[in-house]
Each structure stands twice: as C-alpha cells, then as structure tokens.
file data-v1.txt (compact mmCIF, C-alpha atoms)
# COMPACT_ATOMS: atom_id res chain seq x y z
CA MET K 1277 -14.38 67.02 -0.43
CA ALA K 1278 -12.87 63.81 0.87
CA GLU K 1279 -9.39 65.29 0.63
CA LYS K 1280 -10.43 68.30 2.76
CA THR K 1281 -11.91 65.98 5.35
CA VAL K 1282 -8.72 63.97 5.58
CA ARG K 1283 -6.59 67.11 5.88
CA LYS K 1284 -8.63 68.20 8.85
CA LEU K 1285 -7.84 64.94 10.71
CA SER K 1286 -5.21 65.09 13.38
CA LYS K 1287 -2.05 63.05 13.21
CA LYS K 1288 -3.44 60.72 15.89
CA GLN K 1289 -6.66 60.23 13.93
CA ARG K 1290 -4.74 59.40 10.76
CA VAL K 1291 -2.71 56.77 12.64
CA ILE K 1292 -5.94 55.20 13.89
CA LEU K 1293 -7.40 55.12 10.37
CA ILE K 1294 -4.24 53.59 8.92
CA ALA K 1295 -4.18 50.96 11.67
CA ALA K 1296 -7.84 50.16 11.08
CA ALA K 1297 -7.26 49.84 7.32
CA ALA K 1298 -4.28 47.55 7.91
CA ALA K 1299 -6.35 45.39 10.26
CA ALA K 1300 -9.09 45.13 7.64
CA LEU K 1301 -6.59 44.08 4.98
CA LEU K 1302 -5.10 41.44 7.28
CA ALA K 1303 -8.54 40.14 8.15
CA GLY K 1304 -9.40 39.89 4.45
CA ALA K 1305 -6.17 38.06 3.71
CA ALA K 1306 -6.78 35.69 6.58
CA ALA K 1307 -10.30 35.01 5.40
CA GLY K 1308 -9.06 34.42 1.88
CA GLY K 1309 -6.44 32.04 3.21
CA TRP K 1310 -9.08 30.10 5.15
CA LEU K 1311 -11.23 29.80 2.07
CA TYR K 1312 -8.26 28.56 0.07
CA ILE K 1313 -7.30 25.91 2.60
CA ASN K 1314 -10.86 24.68 2.99
CA ARG K 1315 -11.97 24.85 -0.62
CA PHE K 1316 -13.16 21.60 -2.11
CA ASP K 1317 -10.49 19.79 -4.06
CA ALA K 1318 -11.45 16.32 -5.22
CA GLY K 1319 -7.80 15.33 -5.61
CA GLU K 1320 -6.95 16.30 -2.03
CA TYR K 1321 -10.01 14.42 -0.83
CA VAL K 1322 -9.02 11.24 -2.69
CA GLN K 1323 -5.48 11.55 -1.32
CA ALA K 1324 -6.87 11.89 2.19
CA VAL K 1325 -9.18 8.89 1.83
CA LEU K 1326 -6.42 6.65 0.48
CA ASP K 1327 -3.88 7.77 3.09
CA THR K 1328 -6.41 7.09 5.84
CA SER K 1329 -7.61 3.76 4.43
CA TYR K 1330 -4.23 2.20 3.70
CA LYS K 1331 -1.59 4.05 5.69
CA ASN K 1332 -3.59 5.18 8.73
CA GLU K 1333 -2.45 8.77 8.07
CA THR K 1334 -5.51 10.73 9.10
CA ASP K 1335 -4.50 14.41 9.45
CA GLN K 1336 -5.66 15.59 6.01
CA TYR K 1337 -8.85 13.50 6.18
CA VAL K 1338 -9.73 15.03 9.55
CA GLU K 1339 -9.06 18.54 8.21
CA ILE K 1340 -11.20 18.08 5.11
CA THR K 1341 -14.14 16.18 6.62
CA GLY K 1342 -14.13 17.56 10.15
CA VAL K 1343 -14.58 14.10 11.70
CA PRO K 1344 -12.79 13.34 15.00
CA LYS K 1345 -9.35 11.76 14.68
CA GLU K 1346 -10.53 8.67 16.57
CA GLU K 1347 -13.30 8.14 14.02
CA ALA K 1348 -10.89 8.56 11.12
CA GLU K 1349 -8.51 5.99 12.62
CA LYS K 1350 -11.35 3.46 12.72
CA ILE K 1351 -11.38 3.41 8.91
CA PHE K 1352 -7.98 1.71 8.80
CA GLU K 1353 -8.92 -0.67 11.62
CA ASN K 1354 -12.22 -1.54 9.95
CA ASN K 1355 -10.36 -2.40 6.75
CA LEU K 1356 -8.13 -4.77 8.71
CA ASP K 1357 -11.21 -6.26 10.35
CA ALA K 1358 -12.67 -6.92 6.90
CA THR K 1359 -9.43 -8.57 5.78
CA MET K 1360 -9.28 -10.83 8.82
CA ALA K 1361 -12.97 -11.68 8.46
CA GLY K 1362 -11.99 -13.63 5.35
CA PHE K 1363 -10.18 -16.09 7.62
CA GLU K 1364 -13.08 -16.70 10.01
CA ASP K 1365 -13.88 -20.08 8.47
CA SER K 1366 -10.24 -21.02 7.85
CA GLU K 1367 -7.94 -23.25 9.86
CA MET K 1368 -5.74 -20.32 10.88
CA PRO K 1369 -4.87 -20.84 14.55
CA GLU K 1370 -6.04 -18.20 16.99
CA GLU K 1371 -2.55 -17.46 18.24
CA LEU K 1372 -1.42 -16.50 14.71
CA ARG K 1373 -4.31 -14.15 13.92
CA PRO K 1374 -2.86 -11.07 15.68
CA ARG K 1375 0.45 -11.60 13.86
CA TYR K 1376 -1.28 -11.90 10.48
CA ARG K 1377 -3.37 -8.81 11.25
CA GLU K 1378 -0.25 -6.81 12.06
CA LEU K 1379 1.45 -8.08 8.91
CA PHE K 1380 -1.50 -7.18 6.70
CA GLY K 1381 -1.48 -3.69 8.21
CA GLU K 1382 2.20 -3.40 7.37
CA ILE K 1383 1.56 -4.56 3.79
CA ALA K 1384 -1.30 -2.06 3.40
CA GLY K 1385 1.03 0.72 4.47
CA LYS K 1386 3.33 -0.08 1.55
CA VAL K 1387 0.79 0.16 -1.27
CA ASN K 1388 1.90 2.49 -4.06
CA TYR K 1389 -0.43 5.12 -5.51
CA THR K 1390 -0.14 8.61 -7.00
CA VAL K 1391 -3.21 10.83 -7.15
CA GLY K 1392 -3.60 12.95 -10.28
CA GLU K 1393 -5.28 16.32 -10.82
CA PRO K 1394 -9.09 16.27 -10.56
CA LYS K 1395 -11.19 17.03 -13.62
CA ARG K 1396 -14.58 18.65 -13.19
CA LYS K 1397 -17.47 17.27 -15.23
CA GLU K 1398 -20.52 19.15 -16.52
CA ASP K 1399 -22.74 17.70 -13.80
CA GLY K 1400 -20.46 19.09 -11.07
CA SER K 1401 -18.85 15.78 -10.18
CA TYR K 1402 -15.15 15.02 -10.63
CA THR K 1403 -12.93 12.32 -12.01
CA VAL K 1404 -9.57 11.67 -10.40
CA ALA K 1405 -7.00 9.39 -12.03
CA VAL K 1406 -4.93 7.36 -9.58
CA THR K 1407 -1.76 5.70 -10.88
CA ILE K 1408 -0.91 2.55 -8.94
CA LYS K 1409 1.89 -0.01 -8.93
CA PRO K 1410 0.52 -3.27 -7.53
CA ILE K 1411 2.36 -5.06 -4.74
CA THR K 1412 3.39 -8.46 -6.11
CA LEU K 1413 4.14 -10.02 -2.73
CA PHE K 1414 1.75 -12.97 -2.96
CA PRO K 1415 2.60 -14.27 -6.46
CA ASP K 1416 6.31 -13.55 -5.85
CA THR K 1417 6.39 -15.73 -2.73
CA TYR K 1418 4.00 -18.50 -3.77
CA GLU K 1419 6.66 -20.86 -5.13
CA LEU K 1420 8.82 -20.43 -2.04
CA PHE K 1421 5.82 -21.16 0.14
CA GLN K 1422 5.03 -24.30 -1.84
CA THR K 1423 8.64 -25.45 -1.55
CA ARG K 1424 8.73 -24.99 2.22
CA ALA K 1425 5.32 -26.60 2.66
CA GLU K 1426 6.50 -29.63 0.67
CA GLU K 1427 9.66 -29.80 2.77
CA TYR K 1428 7.53 -29.86 5.90
CA ALA K 1429 5.31 -32.60 4.42
CA SER K 1430 8.44 -34.66 3.63
CA GLN K 1431 9.68 -34.20 7.19
CA VAL K 1432 6.36 -35.43 8.56
CA THR K 1433 6.39 -38.42 6.21
CA ASP K 1434 9.96 -39.36 7.16
CA SER K 1435 9.15 -39.00 10.83
CA VAL K 1436 6.09 -41.25 10.57
CA MET K 1437 8.07 -43.80 8.53
CA ASN K 1438 10.57 -43.92 11.38
CA GLY K 1439 7.89 -44.78 13.90
CA ALA K 1440 6.62 -41.41 15.08
CA GLU K 1441 2.90 -40.75 15.41
CA MET K 1442 1.10 -38.91 12.66
CA PRO K 1443 0.51 -35.27 13.73
CA LEU K 1444 -3.07 -34.14 14.14
CA ASP K 1445 -4.59 -32.23 11.22
CA ALA K 1446 -4.91 -29.12 13.38
CA GLU K 1447 -1.21 -29.28 14.22
CA MET K 1448 -0.21 -29.59 10.56
CA GLN K 1449 -2.56 -26.78 9.51
CA SER K 1450 -1.07 -24.57 12.20
CA ARG K 1451 2.43 -25.29 10.94
CA ILE K 1452 1.44 -24.50 7.34
CA TYR K 1453 0.04 -21.12 8.38
CA GLN K 1454 3.20 -20.46 10.36
CA ILE K 1455 5.33 -21.27 7.30
CA TYR K 1456 3.25 -18.94 5.11
CA TYR K 1457 3.53 -16.14 7.65
CA GLU K 1458 7.32 -16.55 7.78
CA VAL K 1459 7.60 -16.47 3.98
CA LEU K 1460 5.50 -13.31 3.70
CA LYS K 1461 7.25 -11.59 6.58
CA GLU K 1462 10.70 -12.29 5.14
CA ARG K 1463 9.72 -10.66 1.84
CA VAL K 1464 8.09 -7.66 3.50
CA ASP K 1465 11.19 -7.09 5.64
CA SER K 1466 13.59 -7.46 2.72
CA GLY K 1467 11.77 -4.93 0.53
CA MET K 1468 8.51 -4.89 -1.33
CA LEU K 1469 8.38 -5.51 -5.07
CA TYR K 1470 5.86 -3.88 -7.40
CA GLY K 1471 4.37 -4.56 -10.80
CA GLY K 1472 3.92 -2.22 -13.75
CA ALA K 1473 1.99 1.01 -13.36
CA ARG K 1474 -1.69 1.17 -14.27
CA GLU K 1475 -4.38 3.80 -13.90
CA VAL K 1476 -7.70 3.62 -12.08
CA THR K 1477 -10.24 6.43 -12.45
CA LEU K 1478 -12.29 7.42 -9.40
CA HIS K 1479 -15.57 9.32 -9.69
CA VAL K 1480 -16.04 11.80 -6.84
CA THR K 1481 -19.21 13.67 -5.92
CA LYS K 1482 -19.49 16.63 -3.56
CA GLU K 1483 -22.56 16.15 -1.37
CA GLY K 1484 -22.03 19.13 0.97
CA SER K 1485 -19.40 21.50 2.32
CA ARG K 1486 -17.62 18.58 3.99
CA GLU K 1487 -19.49 15.61 2.57
CA PHE K 1488 -17.98 13.80 -0.40
CA THR K 1489 -18.36 10.36 -1.91
CA ILE K 1490 -16.23 8.16 -4.14
CA ALA K 1491 -18.08 5.61 -6.26
CA ARG K 1492 -18.00 2.28 -4.42
CA GLU K 1493 -17.23 0.25 -7.54
CA ASP K 1494 -14.24 2.51 -8.28
CA MET K 1495 -12.83 1.98 -4.78
CA ASP K 1496 -13.34 -1.77 -5.13
CA GLU K 1497 -11.42 -1.73 -8.41
CA LEU K 1498 -8.62 0.30 -6.89
CA ASP K 1499 -8.47 -1.93 -3.81
CA SER K 1500 -8.17 -5.11 -5.85
CA ALA K 1501 -5.53 -3.56 -8.12
CA LEU K 1502 -3.20 -2.37 -5.35
CA ILE K 1503 -2.20 -5.88 -4.25
CA GLU K 1504 -1.84 -8.62 -6.84
CA ASP K 1505 -2.82 -12.13 -5.83
CA ALA K 1506 -1.26 -15.41 -6.91
CA GLU K 1507 -4.35 -16.59 -8.80
CA ALA K 1508 -4.37 -13.45 -10.97
CA ARG K 1509 -0.74 -14.10 -11.94
CA GLU K 1510 -1.54 -17.71 -12.86
CA ASP K 1511 -4.49 -16.57 -15.00
CA GLU K 1512 -2.21 -14.14 -16.88
CA VAL K 1513 0.31 -16.91 -17.55
CA ARG K 1514 -2.41 -19.22 -18.89
CA GLU K 1515 -3.70 -16.47 -21.19
CA GLU K 1516 -0.20 -15.87 -22.58
CA GLU K 1517 0.20 -19.58 -23.27
call {"tool": "encode", "arguments": {"input": "data-v1.txt", "output": "structure tokens"}}
result
Amino acid sequence: MAEKTVRKLSKKQRVILIAAAAAALLAGAAAGGWLYINRFDAGEYVQAVLDTSYKNETDQYVEITGVPKEEAEKIFENNLDATMAGFEDSEMPEELRPRYRELFGEIAGKVNYTVGEPKRKEDGSYTVAVTIKPITLFPDTYELFQTRAEEYASQVTDSVMNGAEMPLDAEMQSRIYQIYYEVLKERVDSGMLYGGAREVTLHVTKEGSREFTIAREDMDELDSALIEDAEAREDEVREEE
C-alpha cells in the first residue's frame, strides 16, 4: 500500500520528501553532536577546573559550567589573592607585592599535571587520577638565596665597621625580599625543574546538568603536591638520615 502511495507522488513531491528526510537526518545528527559535546565527563571537568585555577585558561570551564568568562577568570585571581594573603603579616614591602603576585601567577602557570580517564563508582560519583610532577623551585633555590642573603649581611657588617650607619630593619628586610625575588625570578626565567611523578586521586560528584564538585580535601592535597616547598625537602633529608 505504501509503495502504491509513493508511486502516485509527483517528481516534485518526491524531491520535497527527500529534502525533508535529509533535513530530519541532519537535525538528528546535530542534536546527537550537541549531546556528545555537552555530556558529563568527569575527566574533562577536572581538566577544566585545573586549567582555570592554575593557568587561567577558562574556555573549557565556561563551556562545561555555563558561567560567564569574567566569573571564571576570577578563580585564578582569587587563588593569587589567597597566596598573597599569606604575606599580610610579613615584612614584604608594598612596592614588591605586585611583582611577587605576578611571579606567583607565572609559577602557577607552569605546574605540571596530566588528567587520567574518569572511573564511575556504584554511587554515581567518579574518581579521576591526576599525575603530577611537583615544581621544585623553592628547595632548588634555597641555598642560593641563603648565600646571597649572607653576602648582603657581610656587606652591611663591613660597611658599619667602616663607619657607616646601621641600616634600619625595614630597609634590610626590604633588601632580603628583593634578593629572594631575584633568585626566584632567575630560576623561573631559566627553566623550571620538576620532581618525580606522583598520583593524586580526585573524587568528583555530579550535582546537576552543569553543577559538579571535587572533594575539597582532594584539591588541597593536589594543590600542596604541585609545588614543593623547602621545608618538605629538608624533612625528607632528615628522614633518610
């Protein structure tokens, strides 16, 4: 019956039907493509969060979450604010703070991480393994900083012994921070060094179509592992001894 109906259609009608069918197929393909691009992938989400947090690369985060680009960019700036907040009670001179902030942003952009494939758990949450290689900037430069700081102290001592006035504490503190900045900046400019690879597991939960969360304690562990500090290196040496 259907065949007879089709045979009775004019050539023009057949062209219209074929065009309509083609349009429907294209629409279905487009819809399928949209669903594929916007499907939830915990690994892509973790990648987007890390790229936004450390490298200020926000495109994927904006696409996944739907937040405005300006809001996404605040994540990186807020992280720098938190870093600089640690120096609020320090003797760091005001004129050096913008330079340190810029340097810390540059260091953050060089952190090394590789996001693995997500694994779905029975409760619907995911685990995502992130392989990191910690930046060893601070322990690598600590001895050089100490050497230059001691050289400065010797210069001050010699100057005072030769009759010059003792510099004010604020002046000496400012010079020490300047020395440390120069040491760090030299290493960053010459090429970052990294430690051995280690793995941190992140637990990710899907809260809604565009609402996801990573366990706070996991992010804290990852954050502390990405950049090694001098005290951690000293603790390792003491344990080996």
call {"tool": "atom_distance", "arguments": {"input": "data-v1.txt", "atom1": "CA of Phe1414 in chain K", "atom2": "CA of Glu1371 in chain K"}}
result
22.1 Å
call {"tool": "atom_distance", "arguments": {"input": "data-v1.txt", "atom1": "CA of Thr1359 in chain K", "atom2": "CA of Arg1463 in chain K"}}
result
19.7 Å
call {"tool": "atom_distance", "arguments": {"input": "data-v1.txt", "atom1": "CA of Asp1317 in chain K", "atom2": "CA of Thr1403 in chain K"}}
result
11.2 Å
call {"tool": "closest_atom_pairs", "arguments": {"input": "data-v1.txt", "of": "range 1401-1488 of chain K", "to": "range 1377-1394 of chain K", "cutoff": "9 Å", "atoms": "all atoms listed in the file", "output": "CSV"}}
result
residue,atom,partner,partner_atom,distance
K:Tyr1402,CA,K:Pro1394,CA,6.2
K:Thr1403,CA,K:Pro1394,CA,5.7
K:Val1404,CA,K:Pro1394,CA,4.6
K:Ala1405,CA,K:Gly1392,CA,5.2
K:Val1406,CA,K:Val1391,CA,4.6
K:Thr1407,CA,K:Thr1390,CA,5.1
K:Ile1408,CA,K:Tyr1389,CA,4.3
K:Lys1409,CA,K:Asn1388,CA,5.5
K:Pro1410,CA,K:Asn1388,CA,6.9
K:Ile1411,CA,K:Val1387,CA,6.5
K:Leu1413,CA,K:Ile1383,CA,8.9
K:Tyr1457,CA,K:Leu1379,CA,8.4
K:Leu1460,CA,K:Leu1379,CA,8.4
K:Lys1461,CA,K:Leu1379,CA,7.2
K:Val1464,CA,K:Ile1383,CA,7.2
K:Met1468,CA,K:Lys1386,CA,7.6
K:Tyr1470,CA,K:Asn1388,CA,8.2
call {"tool": "residues_around", "arguments": {"input": "data-v1.txt", "residues": "range 1350-1355 of chain K", "least_positions_apart": "3", "cutoff": "7 Å", "atoms": "all atoms listed in the file", "output": "ChimeraX atom specification"}}
result
/K:1328-1330,1332,1346-1347,1358-1359
call {"tool": "write_last_selection", "arguments": {"input": "data-v1.txt", "atoms": "C-alpha atoms", "output": "PDB file, keeping the file's coordinate frame"}}
result
ATOM      1  CA  THR K1328      -6.410   7.090   5.840  1.00  0.00           C
ATOM      2  CA  SER K1329      -7.610   3.760   4.430  1.00  0.00           C
ATOM      3  CA  TYR K1330      -4.230   2.200   3.700  1.00  0.00           C
ATOM      4  CA  ASN K1332      -3.590   5.180   8.730  1.00  0.00           C
ATOM      5  CA  GLU K1346     -10.530   8.670  16.570  1.00  0.00           C
ATOM      6  CA  GLU K1347     -13.300   8.140  14.020  1.00  0.00           C
ATOM      7  CA  ALA K1358     -12.670  -6.920   6.900  1.00  0.00           C
ATOM      8  CA  THR K1359      -9.430  -8.570   5.780  1.00  0.00           C
TER       9      THR K1359
END
call {"tool": "residues_around", "arguments": {"input": "data-v1.txt", "residues": "Lys1482 in chain K", "least_positions_apart": "2", "cutoff": "10 Å", "atoms": "all atoms listed in the file", "output": "list of chain:residue names"}}
result
K:Phe1316, K:Asp1317, K:Ala1318, K:Gly1400, K:Ser1401, K:Tyr1402, K:Val1480, K:Gly1484, K:Ser1485, K:Arg1486, K:Glu1487, K:Phe1488, K:Thr1489, K:Ile1490
call {"tool": "write_last_selection", "arguments": {"input": "data-v1.txt", "atoms": "C-alpha atoms", "output": "PDB file, in the frame of the given file"}}
result
ATOM      1  CA  PHE K1316     -13.160  21.600  -2.110  1.00  0.00           C
ATOM      2  CA  ASP K1317     -10.490  19.790  -4.060  1.00  0.00           C
ATOM      3  CA  ALA K1318     -11.450  16.320  -5.220  1.00  0.00           C
ATOM      4  CA  GLY K1400     -20.460  19.090 -11.070  1.00  0.00           C
ATOM      5  CA  SER K1401     -18.850  15.780 -10.180  1.00  0.00           C
ATOM      6  CA  TYR K1402     -15.150  15.020 -10.630  1.00  0.00           C
ATOM      7  CA  VAL K1480     -16.040  11.800  -6.840  1.00  0.00           C
ATOM      8  CA  GLY K1484     -22.030  19.130   0.970  1.00  0.00           C
ATOM      9  CA  SER K1485     -19.400  21.500   2.320  1.00  0.00           C
ATOM     10  CA  ARG K1486     -17.620  18.580   3.990  1.00  0.00           C
ATOM     11  CA  GLU K1487     -19.490  15.610   2.570  1.00  0.00           C
ATOM     12  CA  PHE K1488     -17.980  13.800  -0.400  1.00  0.00           C
ATOM     13  CA  THR K1489     -18.360  10.360  -1.910  1.00  0.00           C
ATOM     14  CA  ILE K1490     -16.230   8.160  -4.140  1.00  0.00           C
TER      15      ILE K1490
END
call {"tool": "closest_atom_pairs", "arguments": {"input": "data-v1.txt", "of": "range 1328-1417 of chain K", "to": "range 1433-1448 of chain K", "cutoff": "12 Å", "atoms": "all atoms listed in the file", "output": "Markdown table"}}
result
| residue | atom | partner | partner_atom | distance |
| --- | --- | --- | --- | --- |
| K:Ser1366 | CA | K:Ala1446 | CA | 11.2 |
| K:Glu1367 | CA | K:Ala1446 | CA | 7.5 |
| K:Met1368 | CA | K:Ala1446 | CA | 9.2 |
| K:Pro1369 | CA | K:Ala1446 | CA | 8.4 |
| K:Glu1370 | CA | K:Ala1446 | CA | 11.6 |
